[in-house]
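**Q** Dumping the structure here so I can ask a few things about it.
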Amino acid sequence: MLLGPALEHLSWRIILYAVLSLTVVRMLPVALSLAGSRLRPPTVAYIGWFGPRGLASVVLALLVVEEHVHGMELVGRVVAVTVGLSVLLHGISAVALAEWYGRWHEKTAATTRDLREGTPAPEAPARRRFGPLDKPEM
């Protein structure tokens with residue numbers, strides 16, 4: 001619904017921003033946030049590529065529309081193309097990159113001691129539900 005009209009006004013600038021948004025703009029902050037985690041570069045790249053996606057773009061677009069910001073048509077086009085490109089590229093690459101990462105992890109875990117990626121995560125404590133389900137049956 002949004003992508004079709006956005007493609008009618010496609011420009012090299014919109015495509016460039018969309019590509020940068022899916023790579024540098026998203027992957028660099030993920031890499032910085034994982035600094036010191038002792039995760040290997042393939043893991044950081046995998047998390048950066050498949051990690052946080054699209055929701056921030058949609059929220060930004062909604063804020064711009066609600067505030068009637070000047071240039072909101074352009075922002076809407078950029079968001080639509082970025083989200084569309086994200087769906088396409090992440091969908092196309094999902095199986096191949098997941099298989100590659102799985103092979104890398106198996107090989108690395110078999111030959112490396114103290115691999116951070118192989119550390120079991122602690123079990124999360126059970127959360128207590130509040131509401132009508134907590135009332136004892138009569």
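Letters A, B, ... mark the chains of the structure tokens in the order given; residue numbers begin at 1 per chain; ligand numbers begin at 1, in order shown.
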Find the spatial neighbours of Val44 in chain A, counting only C-alpha atoms, within a cut-off of 9 Å - ignore same-chain residues fewer than 2 positions away - and output them as a PyMOL selection string.

**A** chain A and resi 27+30-31+34+39-42+46-49

**Q** Would you mind exporting the chosen residues as a tab-separated table (two decimals), in the first residue's frame, restricted to C-alpha atoms?

**A**
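To be explicit, this is the file written out as again-v7.tsv:
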```
chain	number	residue	atom	x	y	z
A	27	MET	CA	24.88	-2.46	12.10
A	30	VAL	CA	24.74	-2.91	17.20
A	31	ALA	CA	28.50	-3.53	16.92
A	34	LEU	CA	28.27	-5.42	21.73
A	39	LEU	CA	31.44	-12.13	20.85
A	40	ARG	CA	33.31	-12.96	17.66
A	41	PRO	CA	32.96	-10.75	14.55
A	42	PRO	CA	30.75	-13.29	12.69
A	46	TYR	CA	24.91	-11.78	12.21
A	47	ILE	CA	23.21	-9.95	15.07
A	48	GLY	CA	23.72	-6.64	13.26
A	49	TRP	CA	22.14	-7.93	10.07
```

**Q** Tell me, as a PyMOL selection string, which residues lie within 12 Å of Phe50 in chain A, counting only C-alpha atoms; anything in the same chain fewer than 3 positions away does not count.

**A** chain A and resi 22-23+26-27+30+43-47+53-54+86-87+89-95+97-98+101

**Q** Given the selection you just returned, output its residues as a file containing N, CA, C and O atoms, formatted as a compact mmCIF listing (two decimals), in the first residue's frame.

**A**
```
# COMPACT_ATOMS: atom_id res chain seq x y z
N LEU A 22 20.13 0.12 6.21
CA LEU A 22 20.13 -1.31 6.49
C LEU A 22 21.51 -1.84 6.86
O LEU A 22 21.61 -2.93 7.43
N THR A 23 22.54 -1.09 6.55
CA THR A 23 23.89 -1.57 6.82
C THR A 23 24.54 -0.73 7.91
O THR A 23 24.44 -1.05 9.08
N ARG A 26 22.37 0.81 10.95
CA ARG A 26 21.87 -0.17 11.91
C ARG A 26 22.97 -1.04 12.48
O ARG A 26 23.00 -1.33 13.67
N MET A 27 23.89 -1.49 11.64
CA MET A 27 24.88 -2.46 12.10
C MET A 27 25.96 -1.84 12.98
O MET A 27 26.45 -2.49 13.90
N VAL A 30 24.80 -1.56 16.62
CA VAL A 30 24.74 -2.91 17.20
C VAL A 30 26.16 -3.36 17.56
O VAL A 30 26.40 -3.88 18.65
N THR A 43 29.51 -13.34 14.78
CA THR A 43 28.30 -13.23 15.60
C THR A 43 27.80 -11.80 15.62
O THR A 43 26.60 -11.55 15.50
N VAL A 44 28.70 -10.86 15.78
CA VAL A 44 28.30 -9.44 15.80
C VAL A 44 27.69 -9.06 14.45
O VAL A 44 26.65 -8.39 14.41
N ALA A 45 28.28 -9.51 13.36
CA ALA A 45 27.73 -9.21 12.03
C ALA A 45 26.35 -9.85 11.86
O ALA A 45 25.43 -9.23 11.33
N TYR A 46 26.20 -11.08 12.32
CA TYR A 46 24.91 -11.78 12.21
C TYR A 46 23.83 -11.06 13.01
O TYR A 46 22.73 -10.83 12.53
N ILE A 47 24.17 -10.68 14.23
CA ILE A 47 23.21 -9.95 15.07
C ILE A 47 22.91 -8.59 14.43
O ILE A 47 21.76 -8.14 14.42
N ARG A 53 15.10 -4.39 13.64
CA ARG A 53 14.65 -4.04 12.29
C ARG A 53 13.41 -3.17 12.34
O ARG A 53 12.78 -3.03 13.36
N GLY A 54 13.03 -2.64 11.22
CA GLY A 54 11.85 -1.94 10.84
C GLY A 54 10.98 -1.18 11.82
O GLY A 54 10.41 -0.19 11.44
N SER A 86 14.33 -3.95 3.28
CA SER A 86 14.66 -4.79 4.42
C SER A 86 13.96 -6.14 4.33
O SER A 86 14.58 -7.19 4.50
N VAL A 87 12.67 -6.11 4.04
CA VAL A 87 11.92 -7.37 3.91
C VAL A 87 12.52 -8.22 2.80
O VAL A 87 12.74 -9.43 2.97
N LEU A 89 15.68 -8.08 1.30
CA LEU A 89 17.06 -8.53 1.53
C LEU A 89 17.18 -9.51 2.70
O LEU A 89 17.91 -10.49 2.62
N HIS A 90 16.47 -9.23 3.79
CA HIS A 90 16.54 -10.15 4.92
C HIS A 90 15.86 -11.48 4.59
O HIS A 90 16.31 -12.54 5.01
N GLY A 91 14.78 -11.41 3.82
CA GLY A 91 14.12 -12.64 3.41
C GLY A 91 14.98 -13.48 2.48
O GLY A 91 15.08 -14.70 2.64
N ILE A 92 15.63 -12.83 1.52
CA ILE A 92 16.49 -13.55 0.57
C ILE A 92 17.70 -14.15 1.28
O ILE A 92 18.13 -15.25 0.95
N SER A 93 18.26 -13.44 2.24
CA SER A 93 19.51 -13.89 2.87
C SER A 93 19.31 -14.77 4.10
O SER A 93 20.28 -15.36 4.58
N ALA A 94 18.10 -14.90 4.61
CA ALA A 94 17.88 -15.58 5.88
C ALA A 94 18.40 -17.01 5.91
O ALA A 94 19.17 -17.39 6.79
N VAL A 95 17.99 -17.83 4.96
CA VAL A 95 18.38 -19.25 4.98
C VAL A 95 19.88 -19.40 4.79
O VAL A 95 20.55 -20.10 5.57
N LEU A 97 22.41 -17.25 5.21
CA LEU A 97 23.24 -16.74 6.31
C LEU A 97 23.05 -17.53 7.60
O LEU A 97 24.01 -17.71 8.36
N ALA A 98 21.85 -18.02 7.85
CA ALA A 98 21.64 -18.86 9.04
C ALA A 98 22.42 -20.16 8.92
O ALA A 98 23.04 -20.62 9.89
N TYR A 101 26.14 -19.28 9.36
CA TYR A 101 26.47 -19.01 10.76
C TYR A 101 26.44 -20.29 11.58
O TYR A 101 27.31 -20.51 12.43
```

**Q** Could you tell me how far CA of Gly36 in chain A lies from CA of Thr108 in chain A, in Å and to one decimal?

**A**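 These two atoms are separated by 19.3 Å.
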
**Q** Which residues are near range 73-80 of chain A? Cut-off 9 Å, only C-alpha atoms, ignore same chain within fewer than 5 positions. Put them as a list in words.

**A**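 Close residues of range 73-80 of chain A: Leu2, Leu3, Gly4, Pro5, Ala6, Leu7, His9, Leu10, Ile14, Ile15, Tyr17, Ala18, Gly54, Ser57, Val58, Leu60, Ala61, Leu62, Val64, Val65 and Leu85 of chain A.
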
**Q** Output the selection as a compact mmCIF listing (two decimals), in the first residue's frame - N, CA and C atoms for each residue.

**A**
```txt
# COMPACT_ATOMS: atom_id res chain seq x y z
N LEU A 2 1.93 1.23 0.77
CA LEU A 2 2.80 2.40 0.82
C LEU A 2 3.97 2.29 -0.15
N LEU A 3 4.42 1.06 -0.38
CA LEU A 3 5.61 0.88 -1.22
C LEU A 3 5.34 1.22 -2.69
N GLY A 4 4.19 0.83 -3.20
CA GLY A 4 3.86 1.11 -4.60
C GLY A 4 3.98 2.57 -4.96
N PRO A 5 3.26 3.45 -4.25
CA PRO A 5 3.39 4.89 -4.55
C PRO A 5 4.81 5.42 -4.33
N ALA A 6 5.52 4.88 -3.34
CA ALA A 6 6.89 5.34 -3.08
C ALA A 6 7.81 4.99 -4.24
N LEU A 7 7.57 3.85 -4.86
CA LEU A 7 8.42 3.44 -5.99
C LEU A 7 8.24 4.34 -7.20
N HIS A 9 8.23 7.46 -7.13
CA HIS A 9 9.07 8.64 -6.92
C HIS A 9 10.48 8.23 -6.46
N LEU A 10 10.91 7.06 -6.86
CA LEU A 10 12.20 6.52 -6.43
C LEU A 10 13.35 7.34 -7.02
N ILE A 14 17.15 8.11 -2.32
CA ILE A 14 16.31 7.26 -1.46
C ILE A 14 16.91 5.86 -1.39
N ILE A 15 17.35 5.33 -2.52
CA ILE A 15 17.95 3.99 -2.53
C ILE A 15 19.24 3.98 -1.70
N TYR A 17 20.10 5.98 0.78
CA TYR A 17 19.78 6.07 2.21
C TYR A 17 19.24 4.74 2.73
N ALA A 18 18.38 4.09 1.96
CA ALA A 18 17.82 2.81 2.40
C ALA A 18 18.93 1.78 2.60
N GLY A 54 13.03 -2.64 11.22
CA GLY A 54 11.85 -1.94 10.84
C GLY A 54 10.98 -1.18 11.82
N SER A 57 11.64 2.53 12.18
CA SER A 57 11.28 3.29 10.98
C SER A 57 9.79 3.57 10.95
N VAL A 58 9.00 2.58 11.29
CA VAL A 58 7.54 2.75 11.29
C VAL A 58 7.13 3.78 12.34
N LEU A 60 8.98 6.21 13.56
CA LEU A 60 9.41 7.52 13.05
C LEU A 60 8.40 8.06 12.04
N ALA A 61 8.00 7.22 11.12
CA ALA A 61 7.04 7.66 10.10
C ALA A 61 5.72 8.09 10.74
N LEU A 62 5.24 7.35 11.72
CA LEU A 62 3.99 7.72 12.39
C LEU A 62 4.12 9.05 13.12
N VAL A 64 6.13 11.52 12.35
CA VAL A 64 6.21 12.57 11.33
C VAL A 64 4.82 12.87 10.79
N VAL A 65 4.03 11.83 10.54
CA VAL A 65 2.68 12.02 10.01
C VAL A 65 1.81 12.75 11.03
N LEU A 85 12.87 -2.81 1.21
CA LEU A 85 14.18 -3.38 0.92
C LEU A 85 14.63 -4.31 2.04
```
